[in-house]
Amino acid sequence: MTAKPIVVLGVIGADVHAIGNQILEHALNDAGFKVVNIGVMASQKEFVNAAIETGADAIWVSSLYGHGEMDCRGLREKCQEAGIGDILIYVGGNLVIGKQDWENTKKLFLNMGYDRAYPPGTLPETAIKDLKEDLQKRGKSRWNWPS
Amino acid sequence: MELALLIDIGSTYTKVALFDLQGIRLTGRNQAYTTVERDVTIGLKKALSGLQGWEQARYKLACSSAAGGLKIIAIGLVPDLTAEAARRAALGAGGKVLKTYSYELTNRDMEDIKTLDSDIILLAGGTDGGNKDNIIHNARMLAGSNLDQPVIVAGNKSAAEEVGGILRKAGKETYLTENVMPELEELNIEPARELIRNIFLKKIIQAKGLDRVNELIDGVIMPTPAAVLKAAELLADGFAEEEGLGELMVIDVGGATTDVHSIASGKPSRPGVNWRGLEEPYSKRTVEGDLGMRYSAPSLYSAIGSDSFREQLEECGYSDISKDKYEAMINRLHQDVEYIPKNQEEQIIDNLLGRNAVRLAVARHVGLLKTIYTPMGASSLQEGKDLTGIKYVIGTGGIIVNNDDPGFILAGALYRNQKRPELLAPVEPDFMVDREYLLAAAGLLAEITPETSLRLMKKYLEKV
Ligand code: B12
């Protein structure tokens, strides 16, 4: 068994939008990742605990219902407290309410400690490509990706 | 007539009971003080001397919770995940969990573990393919100590060999089994449970001197709590043609602890509820070490709270009993664990303690429904088991079995008597009482002839 990189995936806060979550799970699976999907209505603590037990390489947070800023703040700090401070954390969905300037939103999330933030309508493939690159940069190139 | 002699060697009493298997009948029972410190057979012989015809029994089996029970230390990684999964495996095997540890063991934890004197150490941590460092660190800590009890490794399978190697090299008696949590929040406690029971049979019975009973009977085959859990499973699920009672709870209020068993899926009973957290075992056992009628009376009283106790006394029409008086009695119960209430006032104090032991133990056993208020309205999250729809609550233990009004004690379990509306406690179950102290015996008998065991329980458990 060659180890696959592990991604913890979930929809944060009181958010119940489940469809994008399913699509991301499939896309990551197909791309050769092991997905630990904690589903909708996931708390920050659940993301952190899941990442610890599974020895995850990355966390993918979705927020669709517009309260992303409130729900996502503090996740990086919690990871730091829990001893997994340098885990990759990405966020995507409809992060803020309505149409706001994307660059500002992005800056907001990067300042909160997220490694990458994606605007609405991002295709899973875009972020998967980034993830592979980021893992490679961290010297985790031992995985054989399915072609 | 085919007879079965079934014995429960408890911490205080050795209880013996003789059953006629064809007639589905209890033909006699007796008890004597347990004498495990000197020689367990002394008490057993004494109990048997009052039981006619036991020598003829075809089966002679015992369970035991004497000599401290089956003492286990559970170790995991995250408190709510593998540490909790390990704890549940230990409880499900009928163990007494002395303490649960999470994250990396420290030198201080190791000192602590040495003084705790457990029979088995259960080491978990990491999902399969997940975190390895923690369990490896903890194996090294155990390897570097002079602990000599068996260690069961039930963690990340990718680390199992390395962990096993570290322990074996240090001369520890090591057993490997499947991960208690192979995938996130997925519970897999059966293999660890089975292994714990085997080790109990092969080693711990001898270590505690319980194998001396073999000169009189076939032997001790399981820890008492495991027998009770087995009986509860059989009673709920039925066997072959003999129907069970359906989802149920068994509550055992003892002198030192209160045990709660639920045999139920615990799935959300309402639509639109999101079930979160570690998977729940269908047969779940919890033990509350601070809730008990005698030795633990003071900690039970402080868990109830003095104001609440006062109020409840008033509600029962006993506002004239002074605080000094009932607190003195509670302290006395702690010291004189054989004490029996001498008058009505003392009886009501005892009854209220019992009812609250049931209430609090059930509150900690059942799950809860959290309502999350969002800008768009409320959503519901369930953690733990939804036991609102349970059909039967069965009570055992002195305060229930010897009570004129066992329903008063068992009513502590009910949703409407819980102080927190979010608790998923039974709403309108029927109550039953184990008048003949049959449950442990029925669990033993279930090993030989489940159908007869089930019919005995259905005959002798008494509806309230
Ligand atoms: C279906 C739907 C619902 C359903 C959800 C059913 C379910 N169980 O899934 C219901 C009716 C329950 C619902 C409720 C609400 N909804 Co709604 N809902 C939608 C709708 C129409 C489609 C969502 C969807 O499934 N899209 C399809 C999937 C595939 O796309 P996706 O979710 O965006 O995910 C993709 C990408 O975003 C990306 N992605 C997502 N996360 C991440 C993370 C990372 C790391 C990366 C890389 C990529 C990524 O990849 C995904 C796959 O391609 C959208 C509008 C829309 N067209 O998007 C509104 C929408 C999301 N909802 C909205 C709102 C406001 C609500 C409510 C608050 C409405 C209300 N007032 O009650 C509630 C919130 C309830 C709650 N607590 O969550 C708003 C959000 C507004 C905002 N953020 O500014 C939207 C955008 C509609 C709108 N234009 O106003 N909703």
# chains A, B, ... in the order shown; residues from 1 in each chain; ligands from 1

$ select_by_dssp --residues "region 180-360 of chain B" --states "strand (DSSP E or B)" --output "list in words"
Gly219, Val220, Ile221, Met222, Pro223, Phe239, Glu242, Leu248, Met249, Val250, Ile251, Asp252, Val253, Thr258, Asp259, Val260, His261, Ser262, Ile263, Val273, Asn274, Trp275, Arg276, Ser283, Lys284, Arg285, Thr286, Val287 and Glu288 of chain B

$ residues_around --residues "Pro406 (chain B)" --least-positions-apart "4" --cutoff "12 Å" --atoms "only C-alpha atoms" --output "ChimeraX atom specification"
/B:251,253,351-352,354-355,358,393-402,410-412,431-435,462-464

$ closest_atom_pairs --of "chain A" --to "ligand 1" --cutoff "7 Å" --atoms "only C-alpha atoms and all ligand atoms" --output "tab-separated table"
residue	atom	partner	partner_atom_place_in_ligand_line	distance
A:Ala14	CA	ligand 1	77 (N)	5.2
A:Asp15	CA	ligand 1	78 (O)	3.4
A:Val16	CA	ligand 1	78 (O)	3.9
A:His17	CA	ligand 1	9 (O)	3.5
A:Ala18	CA	ligand 1	9 (O)	3.7
A:Ile19	CA	ligand 1	25 (O)	4.4
A:Gly20	CA	ligand 1	34 (O)	3.5
A:Asn21	CA	ligand 1	51 (C)	6.4
A:Ile23	CA	ligand 1	52 (C)	5.1
A:Leu24	CA	ligand 1	52 (C)	5.4
A:Trp60	CA	ligand 1	45 (C)	4.4
A:Val61	CA	ligand 1	45 (C)	5.1
A:Ser62	CA	ligand 1	41 (N)	3.8
A:Ser63	CA	ligand 1	41 (N)	6.1
A:Leu64	CA	ligand 1	83 (N)	5.0
A:Tyr65	CA	ligand 1	83 (N)	4.1
A:Gly66	CA	ligand 1	83 (N)	3.3
A:Tyr90	CA	ligand 1	45 (C)	4.6
A:Val91	CA	ligand 1	45 (C)	3.9
A:Gly92	CA	ligand 1	43 (C)	3.4
A:Gly93	CA	ligand 1	37 (O)	3.7
A:Asn94	CA	ligand 1	83 (N)	4.4
A:Leu95	CA	ligand 1	83 (N)	6.0
A:Val96	CA	ligand 1	84 (O)	5.4
A:Ile97	CA	ligand 1	84 (O)	3.3
A:Gly98	CA	ligand 1	84 (O)	4.1
A:Ala117	CA	ligand 1	45 (C)	7.0
A:Tyr118	CA	ligand 1	47 (C)	5.8
A:Pro120	CA	ligand 1	37 (O)	4.9
A:Gly121	CA	ligand 1	36 (C)	5.1
A:Thr122	CA	ligand 1	38 (C)	5.3
A:Leu123	CA	ligand 1	53 (O)	5.4
A:Pro124	CA	ligand 1	50 (O)	5.5
A:Ala127	CA	ligand 1	47 (C)	4.8

$ write_last_selection --atoms "N, CA, C and O atoms" --output "short mmCIF file (atom, residue, chain, number, x, y, z; two decimals), in the first residue's frame"
data_model
loop_
_atom_site.label_atom_id
_atom_site.label_comp_id
_atom_site.auth_asym_id
_atom_site.auth_seq_id
_atom_site.Cartn_x
_atom_site.Cartn_y
_atom_site.Cartn_z
N ALA A 14 -22.62 26.48 10.84
CA ALA A 14 -23.98 25.93 10.82
C ALA A 14 -24.46 25.77 9.38
O ALA A 14 -25.64 25.70 9.10
N ASP A 15 -23.51 25.68 8.48
CA ASP A 15 -23.78 25.65 7.04
C ASP A 15 -24.18 24.23 6.60
O ASP A 15 -23.47 23.28 6.89
N VAL A 16 -25.32 24.11 5.90
CA VAL A 16 -25.79 22.77 5.51
C VAL A 16 -25.62 22.48 4.02
O VAL A 16 -26.10 21.47 3.52
N HIS A 17 -24.98 23.36 3.25
CA HIS A 17 -24.84 23.14 1.80
C HIS A 17 -23.94 21.93 1.55
O HIS A 17 -22.73 21.99 1.76
N ALA A 18 -24.55 20.84 1.07
CA ALA A 18 -23.86 19.55 1.04
C ALA A 18 -23.35 19.16 -0.35
O ALA A 18 -22.50 18.27 -0.47
N ILE A 19 -23.83 19.81 -1.37
CA ILE A 19 -23.57 19.30 -2.72
C ILE A 19 -22.12 19.53 -3.15
O ILE A 19 -21.44 18.63 -3.63
N GLY A 20 -21.64 20.76 -2.91
CA GLY A 20 -20.26 21.06 -3.27
C GLY A 20 -19.29 20.16 -2.52
O GLY A 20 -18.28 19.70 -3.07
N ASN A 21 -19.62 19.87 -1.28
CA ASN A 21 -18.80 18.99 -0.44
C ASN A 21 -18.65 17.60 -1.07
O ASN A 21 -17.56 17.03 -1.11
N ILE A 23 -19.02 16.88 -4.25
CA ILE A 23 -18.26 17.01 -5.49
C ILE A 23 -16.76 17.08 -5.21
O ILE A 23 -15.94 16.43 -5.86
N LEU A 24 -16.41 17.86 -4.16
CA LEU A 24 -14.99 17.97 -3.80
C LEU A 24 -14.44 16.61 -3.36
O LEU A 24 -13.31 16.25 -3.69
N TRP A 60 -9.37 21.17 3.96
CA TRP A 60 -10.14 21.98 3.02
C TRP A 60 -11.46 22.38 3.68
O TRP A 60 -12.29 21.50 3.99
N VAL A 61 -11.60 23.69 3.84
CA VAL A 61 -12.80 24.21 4.50
C VAL A 61 -13.72 24.83 3.46
O VAL A 61 -13.27 25.62 2.62
N SER A 62 -14.99 24.46 3.51
CA SER A 62 -15.98 25.14 2.67
C SER A 62 -16.89 26.00 3.52
O SER A 62 -17.23 25.63 4.65
N SER A 63 -17.27 27.15 2.96
CA SER A 63 -18.30 27.96 3.59
C SER A 63 -19.13 28.58 2.49
O SER A 63 -18.62 29.30 1.65
N LEU A 64 -20.42 28.25 2.49
CA LEU A 64 -21.27 28.68 1.37
C LEU A 64 -22.29 29.73 1.75
O LEU A 64 -22.75 30.49 0.92
N TYR A 65 -22.70 29.77 3.01
CA TYR A 65 -23.88 30.56 3.36
C TYR A 65 -23.60 32.00 3.78
O TYR A 65 -24.48 32.68 4.28
N GLY A 66 -22.35 32.44 3.64
CA GLY A 66 -22.09 33.85 3.83
C GLY A 66 -21.48 34.24 5.16
O GLY A 66 -21.17 35.41 5.38
N TYR A 90 -6.86 25.27 3.16
CA TYR A 90 -7.47 26.00 2.05
C TYR A 90 -8.92 26.28 2.41
O TYR A 90 -9.54 25.51 3.16
N VAL A 91 -9.45 27.36 1.81
CA VAL A 91 -10.86 27.66 2.04
C VAL A 91 -11.51 28.09 0.73
O VAL A 91 -10.85 28.67 -0.13
N GLY A 92 -12.80 27.74 0.56
CA GLY A 92 -13.50 28.13 -0.67
C GLY A 92 -15.00 28.11 -0.48
O GLY A 92 -15.50 27.76 0.58
N GLY A 93 -15.72 28.50 -1.50
CA GLY A 93 -17.20 28.56 -1.45
C GLY A 93 -17.68 29.97 -1.70
O GLY A 93 -17.11 30.68 -2.54
N ASN A 94 -18.72 30.39 -1.00
CA ASN A 94 -19.17 31.79 -1.05
C ASN A 94 -18.81 32.41 0.29
O ASN A 94 -19.61 32.42 1.21
N LEU A 95 -17.56 32.89 0.36
CA LEU A 95 -17.01 33.18 1.68
C LEU A 95 -17.64 34.35 2.41
O LEU A 95 -17.73 34.37 3.62
N VAL A 96 -18.09 35.32 1.65
CA VAL A 96 -18.74 36.46 2.30
C VAL A 96 -20.08 36.72 1.63
O VAL A 96 -20.38 36.17 0.56
N ILE A 97 -20.89 37.55 2.28
CA ILE A 97 -22.23 37.78 1.77
C ILE A 97 -22.19 38.67 0.52
O ILE A 97 -21.47 39.67 0.48
N GLY A 98 -22.95 38.27 -0.47
CA GLY A 98 -23.10 39.06 -1.68
C GLY A 98 -21.82 39.16 -2.49
O GLY A 98 -20.87 38.41 -2.30
N ALA A 117 -7.16 30.80 -0.64
CA ALA A 117 -8.61 31.05 -0.59
C ALA A 117 -9.11 31.13 -2.02
O ALA A 117 -8.43 31.67 -2.90
N TYR A 118 -10.29 30.56 -2.26
CA TYR A 118 -10.82 30.48 -3.64
C TYR A 118 -12.16 31.17 -3.77
O TYR A 118 -13.02 31.03 -2.91
N PRO A 120 -15.98 32.10 -5.47
CA PRO A 120 -17.10 31.26 -5.92
C PRO A 120 -16.86 30.77 -7.34
O PRO A 120 -16.24 31.47 -8.14
N GLY A 121 -17.31 29.57 -7.62
CA GLY A 121 -17.20 29.05 -8.97
C GLY A 121 -15.86 28.42 -9.31
O GLY A 121 -15.64 28.00 -10.44
N THR A 122 -14.95 28.34 -8.33
CA THR A 122 -13.66 27.70 -8.58
C THR A 122 -13.86 26.22 -8.90
O THR A 122 -14.60 25.53 -8.21
N LEU A 123 -13.21 25.75 -9.92
CA LEU A 123 -13.29 24.31 -10.22
C LEU A 123 -12.38 23.54 -9.28
O LEU A 123 -11.27 24.00 -8.97
N PRO A 124 -12.82 22.38 -8.84
CA PRO A 124 -11.98 21.57 -7.94
C PRO A 124 -10.58 21.36 -8.51
O PRO A 124 -9.60 21.40 -7.77
N ALA A 127 -7.82 23.90 -7.60
CA ALA A 127 -7.27 23.81 -6.25
C ALA A 127 -6.46 22.53 -6.06
O ALA A 127 -5.47 22.52 -5.34
#

$ select_by_dssp --residues "region 54-138 of chain A" --states "helix (DSSP H, G or I)" --output "count of residues only"
37

$ interface_residues --of "chain A" --to "chain B" --cutoff "9 Å" --atoms "only C-alpha atoms" --output "PyMOL selection string"
chain A and resi 3-4+6+14+36-38+40-42+46+49-56

$ closest_residue --among "A:Tyr114, A:Pro5, A:Gln44, A:His67" --to "Gly32 (chain A)" --atoms "only C-alpha atoms"
A:Pro5

$ residues_around --residues "Glu125 (chain A)" --least-positions-apart "4" --cutoff "12 Å" --atoms "only C-alpha atoms" --output "NGL selection string"
:A and (23-31 or 118 or 121 or 129-132)

$ write_last_selection --atoms "C-alpha atoms" --output "JSON list (two decimals), in the first residue's frame"
[["chain", "number", "residue", "atom", "x", "y", "z"],
["A", 23, "ILE", "CA", -18.26, 17.01, -5.49],
["A", 24, "LEU", "CA", -14.99, 17.97, -3.80],
["A", 25, "GLU", "CA", -14.78, 14.54, -2.15],
["A", 26, "HIS", "CA", -15.11, 12.82, -5.52],
["A", 27, "ALA", "CA", -12.64, 15.10, -7.23],
["A", 28, "LEU", "CA", -10.01, 14.63, -4.51],
["A", 29, "ASN", "CA", -10.54, 10.88, -4.48],
["A", 30, "ASP", "CA", -10.14, 10.68, -8.24],
["A", 31, "ALA", "CA", -6.97, 12.73, -8.01],
["A", 118, "TYR", "CA", -10.82, 30.48, -3.64],
["A", 121, "GLY", "CA", -17.20, 29.05, -8.97],
["A", 129, "LYS", "CA", -3.31, 21.34, -8.88],
["A", 130, "ASP", "CA", -2.29, 23.92, -6.28],
["A", 131, "LEU", "CA", -2.40, 21.33, -3.53],
["A", 132, "LYS", "CA", -0.13, 18.95, -5.39]]

$ atom_distance --atom1 "CA of Pro271 (chain B)" --atom2 "CA of Leu248 (chain B)"
22.0 Å

$ atom_distance --atom1 "CA of Ile189 (chain B)" --atom2 "CA of Gly272 (chain B)"
28.6 Å

$ atom_distance --atom1 "CA of Arg87 (chain B)" --atom2 "CA of Glu280 (chain B)"
12.4 Å

$ residues_around --residues "region 342-349 of chain B" --least-positions-apart "3" --cutoff "10 Å" --atoms "only C-alpha atoms" --output "VMD selection string"
chain B and resid 309 312 to 313 316 to 318 320 to 321 325 to 327 329 to 330 339 352 to 355 399 403
